[in-house]
file query_36.cif (mmCIF, C-alpha atoms and all ligand atoms)
data_target
loop_
_atom_site.label_atom_id
_atom_site.label_comp_id
_atom_site.auth_asym_id
_atom_site.auth_seq_id
_atom_site.Cartn_x
_atom_site.Cartn_y
_atom_site.Cartn_z
CA MET A 1 -38.52 -14.15 -17.21
CA THR A 2 -36.51 -14.02 -20.41
CA SER A 3 -32.91 -15.14 -20.85
CA ASP A 4 -32.23 -12.12 -23.11
CA SER A 5 -29.06 -10.46 -21.73
CA THR A 6 -30.58 -6.96 -22.18
CA SER A 7 -33.06 -7.70 -19.38
CA MET A 8 -30.38 -8.86 -16.94
CA PRO A 9 -29.32 -6.52 -14.11
CA PRO A 10 -26.01 -4.79 -14.88
CA ALA A 11 -22.89 -6.67 -13.80
CA VAL A 12 -21.34 -5.25 -10.63
CA SER A 13 -18.32 -4.03 -12.62
CA ASP A 14 -20.59 -1.91 -14.86
CA SER A 15 -21.87 0.07 -11.90
CA LEU A 16 -18.48 0.93 -10.44
CA THR A 17 -17.06 4.46 -10.47
CA PRO A 18 -14.61 4.58 -12.10
CA PRO A 19 -15.58 1.53 -14.14
CA LEU A 20 -13.38 -1.52 -14.37
CA SER A 21 -10.77 -1.22 -17.14
CA ASP A 22 -9.04 -4.01 -18.96
CA PRO A 23 -5.32 -3.56 -18.17
CA ALA A 24 -4.60 -4.07 -21.87
CA ASP A 25 -6.64 -0.93 -22.69
CA VAL A 26 -5.29 1.58 -20.14
CA ASP A 27 -3.46 4.44 -21.88
CA LEU A 28 0.04 4.28 -20.39
CA ARG A 29 1.66 6.86 -22.68
CA PRO A 30 1.64 9.75 -20.15
CA LEU A 31 3.70 7.47 -17.88
CA ALA A 32 5.79 5.56 -20.41
CA GLU A 33 6.81 8.77 -22.20
CA ALA A 34 7.44 10.92 -19.11
CA ASP A 35 10.83 12.64 -18.72
CA ASP A 36 11.14 11.34 -15.16
CA LEU A 37 8.83 8.66 -13.85
CA LEU A 38 7.97 7.50 -10.33
CA VAL A 39 6.21 4.13 -10.09
CA ALA A 40 4.83 3.68 -6.55
CA LEU A 41 3.09 0.43 -5.68
CA ASP A 42 1.18 -0.94 -2.73
CA PHE A 43 2.09 -4.51 -1.67
CA ASP A 44 -0.79 -6.55 -0.15
CA GLY A 45 -3.72 -6.92 -2.54
CA VAL A 46 -1.78 -5.27 -5.39
CA LEU A 47 1.58 -6.91 -6.01
CA ALA A 48 0.73 -9.83 -3.72
CA PRO A 49 -2.70 -11.53 -3.61
CA LEU A 50 -4.34 -11.41 -0.16
CA GLN A 51 -3.67 -14.46 2.07
CA ASP A 52 -5.15 -15.72 5.32
CA ASP A 53 -1.63 -15.86 6.76
CA PRO A 54 0.15 -12.49 6.24
CA SER A 55 3.58 -14.15 6.41
CA LEU A 56 2.80 -16.05 3.20
CA SER A 57 2.27 -12.96 1.01
CA ARG A 58 4.55 -12.83 -2.03
CA VAL A 59 4.74 -10.71 -5.20
CA LEU A 60 3.26 -12.53 -8.20
CA PRO A 61 6.14 -13.75 -10.41
CA ALA A 62 4.98 -11.72 -13.44
CA SER A 63 4.86 -8.54 -11.33
CA ALA A 64 8.27 -9.30 -9.79
CA GLU A 65 9.74 -9.56 -13.29
CA ALA A 66 8.02 -6.36 -14.43
CA ILE A 67 9.14 -4.27 -11.44
CA ALA A 68 12.71 -5.53 -11.79
CA ARG A 69 12.68 -4.29 -15.39
CA ILE A 70 11.02 -0.97 -14.47
CA ALA A 71 13.58 -0.36 -11.70
CA SER A 72 16.45 -0.91 -14.13
CA LEU A 73 15.31 1.73 -16.64
CA PRO A 74 16.85 5.22 -16.83
CA ASN A 75 14.93 8.18 -15.38
CA THR A 76 12.59 5.73 -13.69
CA GLN A 77 12.28 5.24 -9.93
CA LEU A 78 10.42 2.35 -8.32
CA ALA A 79 8.93 2.63 -4.83
CA LEU A 80 6.87 0.30 -2.65
CA VAL A 81 4.36 1.99 -0.34
CA SER A 82 2.87 -0.26 2.31
CA GLY A 83 1.27 -0.67 5.70
CA ARG A 84 3.91 -3.32 6.36
CA ASP A 85 7.00 -2.22 8.24
CA VAL A 86 10.07 -1.72 6.06
CA ALA A 87 11.99 -4.78 7.35
CA THR A 88 9.07 -7.16 6.80
CA LEU A 89 8.32 -5.66 3.41
CA ARG A 90 11.92 -6.13 2.28
CA GLU A 91 11.77 -9.76 3.38
CA LEU A 92 8.40 -10.60 1.80
CA ALA A 93 8.52 -8.46 -1.35
CA ASP A 94 12.24 -8.85 -2.10
CA PRO A 95 12.22 -5.56 -4.08
CA PRO A 96 14.96 -4.48 -6.50
CA ALA A 97 17.94 -2.94 -4.66
CA SER A 98 17.26 0.55 -6.02
CA ALA A 99 13.63 0.61 -4.85
CA MET A 100 12.57 3.24 -2.34
CA ILE A 101 10.39 1.93 0.48
CA VAL A 102 7.63 3.69 2.42
CA GLY A 103 6.54 1.42 5.26
CA SER A 104 4.16 1.50 8.24
CA HIS A 105 1.63 3.58 6.25
CA GLY A 106 4.15 6.40 5.80
CA ALA A 107 5.82 6.36 9.24
CA GLU A 108 8.97 4.66 7.93
CA ILE A 109 10.74 6.00 4.85
CA ASP A 110 13.78 4.32 3.33
CA LEU A 111 14.95 6.20 0.26
CA GLY A 112 17.54 3.53 -0.51
CA PRO A 113 20.50 4.18 -2.76
CA GLY A 114 18.38 5.89 -5.46
CA GLN A 115 19.46 6.42 -9.03
CA ASP A 116 20.44 9.28 -11.23
CA ALA A 117 19.44 9.55 -14.88
CA SER A 118 22.09 7.06 -15.95
CA GLY A 119 20.94 4.48 -13.43
CA THR A 120 23.90 4.92 -11.06
CA GLU A 121 23.66 5.91 -7.40
CA SER A 122 22.94 9.63 -7.02
CA ALA A 123 24.75 11.94 -4.62
CA ALA A 124 21.47 13.46 -3.44
CA THR A 125 19.87 10.21 -2.39
CA ALA A 126 23.12 8.70 -1.17
CA SER A 127 23.27 11.50 1.41
CA ALA A 128 19.69 10.98 2.59
CA PRO A 129 19.40 10.57 6.39
CA ASP A 130 20.13 7.14 7.83
CA PRO A 131 16.69 5.49 7.69
CA THR A 132 17.20 3.69 10.99
CA GLU A 133 17.86 6.99 12.76
CA ALA A 134 15.20 8.96 10.86
CA ASN A 135 12.55 6.30 11.57
CA ALA A 136 13.33 5.85 15.26
CA VAL A 137 10.28 5.56 17.54
CA THR A 138 10.15 8.42 20.10
CA ASN A 139 9.65 7.97 23.86
CA ASP A 140 6.08 9.30 23.60
CA GLU A 141 5.33 6.82 20.84
CA GLU A 142 6.84 3.98 22.93
CA GLU A 143 4.52 4.92 25.81
CA LEU A 144 1.49 4.88 23.52
CA LEU A 145 2.53 1.49 22.12
CA ALA A 146 2.76 0.15 25.70
CA ALA A 147 -0.78 1.46 26.38
CA ILE A 148 -2.01 -0.25 23.20
CA ASP A 149 -0.35 -3.54 24.24
CA ASP A 150 -2.02 -3.33 27.69
CA HIS A 151 -5.37 -2.67 26.04
CA LEU A 152 -5.01 -5.54 23.57
CA ALA A 153 -3.93 -7.91 26.36
CA GLU A 154 -7.50 -7.63 27.67
CA LEU A 155 -8.63 -9.37 24.48
CA THR A 156 -7.08 -12.68 25.56
CA THR A 157 -9.94 -13.13 28.05
CA LEU A 158 -12.46 -12.61 25.21
CA SER A 159 -10.59 -14.98 22.87
CA ASP A 160 -10.38 -17.68 25.60
CA ARG A 161 -14.09 -17.28 26.38
CA GLU A 162 -15.26 -17.20 22.74
CA GLY A 163 -12.68 -19.76 21.57
CA PHE A 164 -11.18 -17.80 18.69
CA ASP A 165 -7.60 -17.33 17.61
CA LEU A 166 -6.42 -13.81 18.49
CA ARG A 167 -4.07 -12.64 15.72
CA ILE A 168 -2.11 -9.49 16.59
CA GLU A 169 0.67 -8.28 14.29
CA ARG A 170 3.29 -6.16 16.05
CA LYS A 171 4.92 -3.46 13.96
CA PRO A 172 7.31 -0.64 14.97
CA TYR A 173 4.56 2.02 14.91
CA SER A 174 1.42 0.00 15.39
CA ARG A 175 -0.37 -3.16 16.35
CA THR A 176 -2.71 -4.80 13.83
CA VAL A 177 -5.62 -7.00 14.87
CA HIS A 178 -6.62 -9.44 12.11
CA THR A 179 -10.23 -10.60 11.66
CA ARG A 180 -10.01 -12.41 8.29
CA GLY A 181 -12.21 -15.50 8.31
CA MET A 182 -14.07 -14.54 11.53
CA ALA A 183 -17.88 -14.45 11.80
CA PRO A 184 -18.99 -10.83 11.07
CA GLY A 185 -20.53 -10.38 14.55
CA LEU A 186 -17.35 -11.49 16.30
CA ALA A 187 -15.18 -9.34 14.03
CA ALA A 188 -17.39 -6.32 14.83
CA SER A 189 -17.17 -6.81 18.61
CA LEU A 190 -13.44 -7.33 18.40
CA ARG A 191 -13.08 -4.12 16.40
CA GLU A 192 -15.27 -2.26 18.90
CA HIS A 193 -12.98 -3.26 21.76
CA VAL A 194 -9.82 -2.49 19.78
CA VAL A 195 -10.84 1.07 18.86
CA SER A 196 -12.14 1.90 22.35
CA VAL A 197 -8.53 2.58 23.43
CA GLN A 198 -8.76 5.89 21.55
CA ALA A 199 -11.13 7.25 24.20
CA GLU A 200 -8.46 6.76 26.89
CA HIS A 201 -5.38 7.87 24.96
CA GLY A 202 -5.27 10.79 22.55
CA GLY A 203 -2.71 10.40 19.78
CA ILE A 204 -3.66 6.86 18.84
CA ARG A 205 -4.80 6.60 15.24
CA VAL A 206 -7.16 3.88 14.04
CA ILE A 207 -6.34 2.56 10.57
CA GLU A 208 -8.89 0.31 8.88
CA GLY A 209 -8.05 -2.16 6.14
CA HIS A 210 -9.18 -5.43 4.59
CA ASP A 211 -10.21 -7.48 7.66
CA ILE A 212 -7.83 -5.60 9.93
CA THR A 213 -8.02 -2.84 12.51
CA GLU A 214 -4.74 -1.20 13.29
CA LEU A 215 -3.79 1.07 16.21
CA ALA A 216 -0.95 3.38 15.19
CA VAL A 217 1.10 5.92 17.12
CA SER A 218 2.20 7.92 14.08
CA GLN A 219 0.01 10.36 12.18
CA ALA A 220 1.93 9.72 8.93
CA THR A 221 -0.08 8.45 5.97
CA LYS A 222 0.66 6.99 2.58
CA GLY A 223 -0.07 10.54 1.33
CA THR A 224 2.83 11.96 3.33
CA GLY A 225 4.89 9.02 2.06
CA ILE A 226 4.12 9.89 -1.57
CA ARG A 227 4.98 13.53 -0.88
CA ALA A 228 8.39 12.49 0.49
CA LEU A 229 9.06 10.33 -2.57
CA VAL A 230 8.10 13.09 -4.99
CA ALA A 231 10.27 15.61 -3.09
CA GLU A 232 13.22 13.24 -3.51
CA VAL A 233 12.69 12.06 -7.08
CA HIS A 234 11.15 15.19 -8.69
CA PRO A 235 9.23 13.12 -11.26
CA THR A 236 7.28 14.69 -14.10
CA ALA A 237 4.81 11.79 -13.88
CA ALA A 238 3.87 9.34 -11.14
CA LEU A 239 1.83 6.14 -11.04
CA TYR A 240 0.24 4.81 -7.86
CA LEU A 241 -1.55 1.47 -7.56
CA GLY A 242 -3.47 0.64 -4.38
CA ASP A 243 -6.37 -1.49 -3.20
CA ASP A 244 -7.19 -0.46 0.36
CA ILE A 245 -8.59 2.47 2.37
CA THR A 246 -5.14 3.78 3.29
CA ASP A 247 -4.23 4.04 -0.40
CA GLU A 248 -6.85 6.76 -0.79
CA ASP A 249 -4.44 9.19 0.95
CA ALA A 250 -1.89 8.46 -1.77
CA PHE A 251 -4.45 8.97 -4.56
CA ALA A 252 -5.48 12.30 -2.97
CA GLU A 253 -1.87 13.44 -2.74
CA LEU A 254 -1.26 12.63 -6.40
CA ALA A 255 -4.36 14.60 -7.37
CA GLU A 256 -3.09 17.62 -5.40
CA MET A 257 0.23 17.57 -7.22
CA ARG A 258 -1.32 18.09 -10.64
CA PRO A 259 -0.46 19.75 -12.96
CA GLU A 260 3.22 19.92 -11.84
CA VAL A 261 3.27 16.12 -11.73
CA THR A 262 1.13 14.01 -14.07
CA GLY A 263 -0.33 11.74 -11.41
CA VAL A 264 -2.13 8.55 -12.41
CA GLY A 265 -3.95 6.70 -9.61
CA ILE A 266 -5.30 3.21 -10.26
CA LYS A 267 -7.53 1.41 -7.78
CA VAL A 268 -7.22 -2.36 -7.63
CA GLY A 269 -10.54 -4.06 -6.77
CA SER A 270 -14.11 -2.91 -6.37
CA ALA A 271 -14.02 -0.68 -3.26
CA PRO A 272 -15.04 3.01 -3.47
CA THR A 273 -12.18 5.25 -4.55
CA GLN A 274 -11.10 8.68 -5.69
CA ALA A 275 -8.61 7.15 -8.14
CA GLU A 276 -9.43 7.89 -11.77
CA LEU A 277 -8.93 4.35 -13.05
CA ARG A 278 -9.72 0.86 -11.75
CA ILE A 279 -8.47 -2.64 -12.54
CA ALA A 280 -9.63 -5.90 -11.01
CA ASP A 281 -6.89 -7.71 -9.13
CA PRO A 282 -3.16 -8.56 -8.76
CA ASP A 283 -3.21 -10.52 -12.04
CA ASP A 284 -4.35 -7.35 -13.82
CA VAL A 285 -1.60 -5.45 -11.97
CA ALA A 286 0.97 -7.86 -13.43
CA THR A 287 -0.43 -7.32 -16.94
CA LEU A 288 -0.39 -3.54 -16.55
CA LEU A 289 3.14 -3.41 -15.09
CA THR A 290 4.45 -5.69 -17.85
CA ARG A 291 2.98 -3.33 -20.45
CA LEU A 292 4.50 -0.32 -18.65
CA ALA A 293 7.92 -2.03 -18.56
CA ASP A 294 7.69 -2.74 -22.31
CA GLU A 295 6.48 0.74 -23.31
CA ARG A 296 8.88 2.58 -21.00
CA ALA A 297 11.83 0.49 -22.21
CA GLU A 298 10.96 1.32 -25.81
CA PHE A 299 10.62 5.04 -25.02
CA THR A 300 13.82 5.35 -22.98
CA ALA A 301 15.80 3.45 -25.65
CA SER A 302 14.63 5.77 -28.44
O1 LIG A 401 -0.41 -1.32 2.48
P1 LIG A 401 -0.41 -2.79 2.22
O2 LIG A 401 0.86 -3.30 1.61
O3 LIG A 401 -1.62 -3.21 1.43
O4 LIG A 401 -0.51 -3.44 3.68
C1 LIG A 401 -1.73 -3.34 4.42
C2 LIG A 401 -1.81 -4.45 5.42
O5 LIG A 401 -1.46 -5.64 4.73
C3 LIG A 401 -1.45 -6.85 5.48
O6 LIG A 401 -2.80 -7.20 5.74
C4 LIG A 401 -3.52 -7.48 4.56
O7 LIG A 401 -2.90 -8.60 3.89
C5 LIG A 401 -2.91 -9.83 4.65
C6 LIG A 401 -2.15 -10.86 3.84
O8 LIG A 401 -2.68 -10.99 2.56
C7 LIG A 401 -4.35 -10.23 4.93
O9 LIG A 401 -4.39 -11.43 5.71
C8 LIG A 401 -5.08 -9.10 5.68
O10 LIG A 401 -6.46 -9.43 5.84
C9 LIG A 401 -4.97 -7.81 4.88
O11 LIG A 401 -5.53 -6.71 5.58
C10 LIG A 401 -0.62 -6.72 6.74
O12 LIG A 401 -0.78 -7.87 7.52
C11 LIG A 401 -0.93 -5.45 7.51
O13 LIG A 401 0.05 -5.28 8.52
C12 LIG A 401 -0.83 -4.25 6.57
O14 LIG A 401 -1.15 -3.05 7.28
#

call {"tool": "encode", "arguments": {"input": "query_36.cif", "output": "structure tokens"}}
result
Amino acid sequence: MTSDSTSMPPAVSDSLTPPLSDPADVDLRPLAEADDLLVALDFDGVLAPLQDDPSLSRVLPASAEAIARIASLPNTQLALVSGRDVATLRELADPPASAMIVGSHGAEIDLGPGQDASGTESAATASAPDPTEANAVTNDEEELLAAIDDHLAELTTLSDREGFDLRIERKPYSRTVHTRGMAPGLAASLREHVVSVQAEHGGIRVIEGHDITELAVSQATKGTGIRALVAEVHPTAALYLGDDITDEDAFAELAEMRPEVTGVGIKVGSAPTQAELRIADPDDVATLLTRLADERAEFTAS
């Protein structure tokens, strides 16, 4: 066997579709030079590196600085779009005050104060429905959540018997079972039990993610979340960055909005995607957002 690099198998990144881009090379002009820009960003795995303990997730400092600058620019609206519930996301991500928040995979929408072209609070967004009221869980959803809790309670017997730590995250519209760090066989049997509740109760949606299986009582998606943001902001261009399966709904929604909105979807990581561009990880996200903040600031000042 020769050590000549031409005989080596291609690196994994070479075989990805779309291929991995260097964040320094991505053409940001359609976004930076848009009349009205929406920048919508996923949290876990994009702004914040993945952690074993979900309560420890934080936005990388360079991304926090970049999104603060982006949010302060005229004709530019920042939004976070996450599977986290809005309250937890606000606590962990500490977003700029003007940021719009889509939480619980689209089930919770907080349009915030919003901005008009001059960067001051707009009448349209100021009169948006009270998010607490608009996002209230219905009686039917409460009943489904109770059924999910009963179902998941059965897992304590399995966790006692198998001696593993059962990690269930309770959110307003869902319960998330975490399997990060578990042996693959155990994670698979846990998932099998979790999803079996669907057979007993129609209306429960299974949401898969990085080492999680989530049971949700809302049919909203990040795609419906993006649609709500676009209906509010009326951008001429929109950027979406996401790393997980649920972000594919947002990429699809952006694609459907073309050509009215110049939608740019960027996948973070190596998973299959319908996004048209791909970068590697949250460090690359910070580089890309810093470039966007610089280029957009230059354009809006000119
Ligand atoms: O839409 P996102 O902002 O990406 O949220 C999706 C889920 O993120 C969290 O789980 C993920 O991040 C954890 C912390 O890094 C990690 O431990 C877990 O394995 C990941 O799946 C969050 O805990 C979930 O509630 C969100 O749905």

call {"tool": "closest_atom_pairs", "arguments": {"input": "query_36.cif", "of": "chain A", "to": "ligand LIG 401 (chain A)", "cutoff": "8 Å", "atoms": "only C-alpha atoms and all ligand atoms", "output": "Markdown table"}}
result
| residue | atom | partner | partner_atom | distance |
| --- | --- | --- | --- | --- |
| A:Asp42 | CA | A:LIG401 | O2 | 5.0 |
| A:Phe43 | CA | A:LIG401 | O2 | 3.7 |
| A:Asp44 | CA | A:LIG401 | O3 | 3.8 |
| A:Gly45 | CA | A:LIG401 | O3 | 5.8 |
| A:Val46 | CA | A:LIG401 | O3 | 7.1 |
| A:Ala48 | CA | A:LIG401 | O8 | 7.2 |
| A:Pro49 | CA | A:LIG401 | O8 | 6.2 |
| A:Leu50 | CA | A:LIG401 | O8 | 3.2 |
| A:Gln51 | CA | A:LIG401 | O8 | 3.6 |
| A:Asp52 | CA | A:LIG401 | O9 | 4.4 |
| A:Asp53 | CA | A:LIG401 | O9 | 5.3 |
| A:Pro54 | CA | A:LIG401 | C6 | 3.7 |
| A:Ser55 | CA | A:LIG401 | C6 | 7.1 |
| A:Leu56 | CA | A:LIG401 | C6 | 7.2 |
| A:Ser57 | CA | A:LIG401 | O8 | 5.5 |
| A:Val81 | CA | A:LIG401 | O1 | 6.5 |
| A:Ser82 | CA | A:LIG401 | O1 | 3.5 |
| A:Gly83 | CA | A:LIG401 | O1 | 3.7 |
| A:Arg84 | CA | A:LIG401 | C12 | 4.8 |
| A:Asp85 | CA | A:LIG401 | O13 | 7.6 |
| A:Gly103 | CA | A:LIG401 | O1 | 8.0 |
| A:Ser104 | CA | A:LIG401 | O14 | 7.1 |
| A:His105 | CA | A:LIG401 | O1 | 6.5 |
| A:Glu169 | CA | A:LIG401 | O13 | 6.5 |
| A:Lys171 | CA | A:LIG401 | O13 | 7.5 |
| A:Thr176 | CA | A:LIG401 | O13 | 6.0 |
| A:His178 | CA | A:LIG401 | O10 | 6.3 |
| A:Thr179 | CA | A:LIG401 | O10 | 7.0 |
| A:Arg180 | CA | A:LIG401 | O10 | 5.2 |
| A:Gly209 | CA | A:LIG401 | O11 | 5.2 |
| A:His210 | CA | A:LIG401 | O11 | 4.0 |
| A:Asp211 | CA | A:LIG401 | O10 | 4.6 |
| A:Ile212 | CA | A:LIG401 | O11 | 5.0 |
| A:Glu214 | CA | A:LIG401 | O14 | 7.2 |
| A:Gly242 | CA | A:LIG401 | O3 | 7.2 |
| A:Asp243 | CA | A:LIG401 | O3 | 6.9 |
| A:Asp244 | CA | A:LIG401 | O3 | 6.3 |
| A:Thr246 | CA | A:LIG401 | O1 | 7.0 |
| A:Asp247 | CA | A:LIG401 | O1 | 7.2 |

call {"tool": "write_last_selection", "arguments": {"input": "query_36.cif", "atoms": "C-alpha atoms", "output": "CSV table (one decimal), in the frame of the given file"}}
result
chain,number,residue,atom,x,y,z
A,42,ASP,CA,1.2,-0.9,-2.7
A,43,PHE,CA,2.1,-4.5,-1.7
A,44,ASP,CA,-0.8,-6.6,-0.2
A,45,GLY,CA,-3.7,-6.9,-2.5
A,46,VAL,CA,-1.8,-5.3,-5.4
A,48,ALA,CA,0.7,-9.8,-3.7
A,49,PRO,CA,-2.7,-11.5,-3.6
A,50,LEU,CA,-4.3,-11.4,-0.2
A,51,GLN,CA,-3.7,-14.5,2.1
A,52,ASP,CA,-5.2,-15.7,5.3
A,53,ASP,CA,-1.6,-15.9,6.8
A,54,PRO,CA,0.2,-12.5,6.2
A,55,SER,CA,3.6,-14.2,6.4
A,56,LEU,CA,2.8,-16.0,3.2
A,57,SER,CA,2.3,-13.0,1.0
A,81,VAL,CA,4.4,2.0,-0.3
A,82,SER,CA,2.9,-0.3,2.3
A,83,GLY,CA,1.3,-0.7,5.7
A,84,ARG,CA,3.9,-3.3,6.4
A,85,ASP,CA,7.0,-2.2,8.2
A,103,GLY,CA,6.5,1.4,5.3
A,104,SER,CA,4.2,1.5,8.2
A,105,HIS,CA,1.6,3.6,6.2
A,169,GLU,CA,0.7,-8.3,14.3
A,171,LYS,CA,4.9,-3.5,14.0
A,176,THR,CA,-2.7,-4.8,13.8
A,178,HIS,CA,-6.6,-9.4,12.1
A,179,THR,CA,-10.2,-10.6,11.7
A,180,ARG,CA,-10.0,-12.4,8.3
A,209,GLY,CA,-8.0,-2.2,6.1
A,210,HIS,CA,-9.2,-5.4,4.6
A,211,ASP,CA,-10.2,-7.5,7.7
A,212,ILE,CA,-7.8,-5.6,9.9
A,214,GLU,CA,-4.7,-1.2,13.3
A,242,GLY,CA,-3.5,0.6,-4.4
A,243,ASP,CA,-6.4,-1.5,-3.2
A,244,ASP,CA,-7.2,-0.5,0.4
A,246,THR,CA,-5.1,3.8,3.3
A,247,ASP,CA,-4.2,4.0,-0.4

call {"tool": "residues_around", "arguments": {"input": "query_36.cif", "residues": "segment 285-299 of chain A", "least_positions_apart": "6", "cutoff": "6 Å", "atoms": "all atoms listed in the file", "output": "PyMOL selection string"}}
result
chain A and resi 23+32+62-63+66+70

call {"tool": "residues_around", "arguments": {"input": "query_36.cif", "residues": "Thr156 of chain A", "least_positions_apart": "5", "cutoff": "12 Å", "atoms": "all atoms listed in the file", "output": "MDAnalysis selection string"}}
result
chainID A and resid 149:151 161:168 190 193

call {"tool": "residues_around", "arguments": {"input": "query_36.cif", "residues": "Thr236 of chain A", "least_positions_apart": "4", "cutoff": "10 Å", "atoms": "all atoms listed in the file", "output": "PDB file with C-alpha atoms, in the frame of the given file"}}
result
ATOM      1  CA  PRO A  30       1.640   9.750 -20.150  1.00  0.00           C
ATOM      2  CA  LEU A  31       3.700   7.470 -17.880  1.00  0.00           C
ATOM      3  CA  ALA A  34       7.440  10.920 -19.110  1.00  0.00           C
ATOM      4  CA  ASP A  35      10.830  12.640 -18.720  1.00  0.00           C
ATOM      5  CA  ASP A  36      11.140  11.340 -15.160  1.00  0.00           C
ATOM      6  CA  LEU A  37       8.830   8.660 -13.850  1.00  0.00           C
ATOM      7  CA  LEU A  38       7.970   7.500 -10.330  1.00  0.00           C
ATOM      8  CA  VAL A 230       8.100  13.090  -4.990  1.00  0.00           C
ATOM      9  CA  ARG A 258      -1.320  18.090 -10.640  1.00  0.00           C
ATOM     10  CA  PRO A 259      -0.460  19.750 -12.960  1.00  0.00           C
ATOM     11  CA  GLU A 260       3.220  19.920 -11.840  1.00  0.00           C
ATOM     12  CA  VAL A 261       3.270  16.120 -11.730  1.00  0.00           C
ATOM     13  CA  THR A 262       1.130  14.010 -14.070  1.00  0.00           C
ATOM     14  CA  GLY A 263      -0.330  11.740 -11.410  1.00  0.00           C
TER      15      GLY A 263
END

call {"tool": "axis_aligned_box", "arguments": {"input": "query_36.cif", "around": "segment 254-261 of chain A", "padding_each_side": "4 Å", "output": "AutoDock Vina command-line options"}}
result
--center_x -0.5 --center_y 16.3 --center_z -9.2 --size_x 15.6 --size_y 15.3 --size_z 15.6

call {"tool": "atom_distance", "arguments": {"input": "query_36.cif", "atom1": "atom CA of Ala271 of chain A", "atom2": "atom CA of Met100 of chain A"}}
result
26.9 Å

call {"tool": "residues_around", "arguments": {"input": "query_36.cif", "residues": "Ala87 of chain A", "least_positions_apart": "4", "cutoff": "10 Å", "atoms": "all atoms listed in the file", "output": "mmCIF file with C-alpha atoms, in the frame of the given file"}}
result
data_model
loop_
_atom_site.group_PDB
_atom_site.id
_atom_site.type_symbol
_atom_site.label_atom_id
_atom_site.label_comp_id
_atom_site.auth_asym_id
_atom_site.auth_seq_id
_atom_site.Cartn_x
_atom_site.Cartn_y
_atom_site.Cartn_z
ATOM 1 C CA GLU A 91 11.770 -9.760 3.380
ATOM 2 C CA LEU A 92 8.400 -10.600 1.800
ATOM 3 C CA ILE A 101 10.390 1.930 0.480
ATOM 4 C CA GLY A 103 6.540 1.420 5.260
ATOM 5 C CA GLU A 108 8.970 4.660 7.930
ATOM 6 C CA LYS A 171 4.920 -3.460 13.960
ATOM 7 C CA PRO A 172 7.310 -0.640 14.970
#

call {"tool": "atom_distance", "arguments": {"input": "query_36.cif", "atom1": "atom CA of Pro113 of chain A", "atom2": "atom CA of Ser98 of chain A"}}
result
5.9 Å

call {"tool": "closest_residue", "arguments": {"input": "query_36.cif", "among": "A:Ala97, A:Val39, A:Val206, A:Ile67", "to": "Leu254 of chain A", "atoms": "only C-alpha atoms"}}
result
A:Val39

call {"tool": "closest_residue", "arguments": {"input": "query_36.cif", "among": "A:Ala301, A:Ala24, A:Val264, A:Ile148", "to": "Glu200 of chain A", "atoms": "all atoms listed in the file"}}
result
A:Ile148

call {"tool": "atom_distance", "arguments": {"input": "query_36.cif", "atom1": "atom CA of Asp249 of chain A", "atom2": "atom CA of Gln219 of chain A"}}
result
12.1 Å

call {"tool": "residues_around", "arguments": {"input": "query_36.cif", "residues": "Ala40 of chain A", "least_positions_apart": "5", "cutoff": "10 Å", "atoms": "only C-alpha atoms", "output": "PyMOL selection string"}}
result
chain A and resi 77-82+99-102+226+229+238-242+250+265

call {"tool": "write_last_selection", "arguments": {"input": "query_36.cif", "atoms": "C-alpha atoms", "output": "PDB file, in the frame of the given file"}}
result
ATOM      1  CA  GLN A  77      12.280   5.240  -9.930  1.00  0.00           C
ATOM      2  CA  LEU A  78      10.420   2.350  -8.320  1.00  0.00           C
ATOM      3  CA  ALA A  79       8.930   2.630  -4.830  1.00  0.00           C
ATOM      4  CA  LEU A  80       6.870   0.300  -2.650  1.00  0.00           C
ATOM      5  CA  VAL A  81       4.360   1.990  -0.340  1.00  0.00           C
ATOM      6  CA  SER A  82       2.870  -0.260   2.310  1.00  0.00           C
ATOM      7  CA  ALA A  99      13.630   0.610  -4.850  1.00  0.00           C
ATOM      8  CA  MET A 100      12.570   3.240  -2.340  1.00  0.00           C
ATOM      9  CA  ILE A 101      10.390   1.930   0.480  1.00  0.00           C
ATOM     10  CA  VAL A 102       7.630   3.690   2.420  1.00  0.00           C
ATOM     11  CA  ILE A 226       4.120   9.890  -1.570  1.00  0.00           C
ATOM     12  CA  LEU A 229       9.060  10.330  -2.570  1.00  0.00           C
ATOM     13  CA  ALA A 238       3.870   9.340 -11.140  1.00  0.00           C
ATOM     14  CA  LEU A 239       1.830   6.140 -11.040  1.00  0.00           C
ATOM     15  CA  TYR A 240       0.240   4.810  -7.860  1.00  0.00           C
ATOM     16  CA  LEU A 241      -1.550   1.470  -7.560  1.00  0.00           C
ATOM     17  CA  GLY A 242      -3.470   0.640  -4.380  1.00  0.00           C
ATOM     18  CA  ALA A 250      -1.890   8.460  -1.770  1.00  0.00           C
ATOM     19  CA  GLY A 265      -3.950   6.700  -9.610  1.00  0.00           C
TER      20      GLY A 265
END

call {"tool": "decode", "arguments": {"input": "query_36.cif", "residues": "segment 65-77 of chain A", "atoms": "C-alpha atoms", "output": "compact mmCIF listing (two decimals), in the first residue's frame"}}
result
# COMPACT_ATOMS: atom_id res chain seq x y z
CA GLU A 65 -21.40 38.74 20.16
CA ALA A 66 -22.31 38.26 16.49
CA ILE A 67 -26.05 37.82 17.11
CA ALA A 68 -26.11 40.86 19.40
CA ARG A 69 -24.63 42.90 16.55
CA ILE A 70 -26.98 41.39 13.94
CA ALA A 71 -30.02 42.10 16.14
CA SER A 72 -29.01 45.75 16.48
CA LEU A 73 -28.84 46.43 12.73
CA PRO A 74 -31.62 48.21 10.81
CA ASN A 75 -33.98 46.14 8.63
CA THR A 76 -32.62 43.01 10.27
CA GLN A 77 -34.61 40.67 12.52
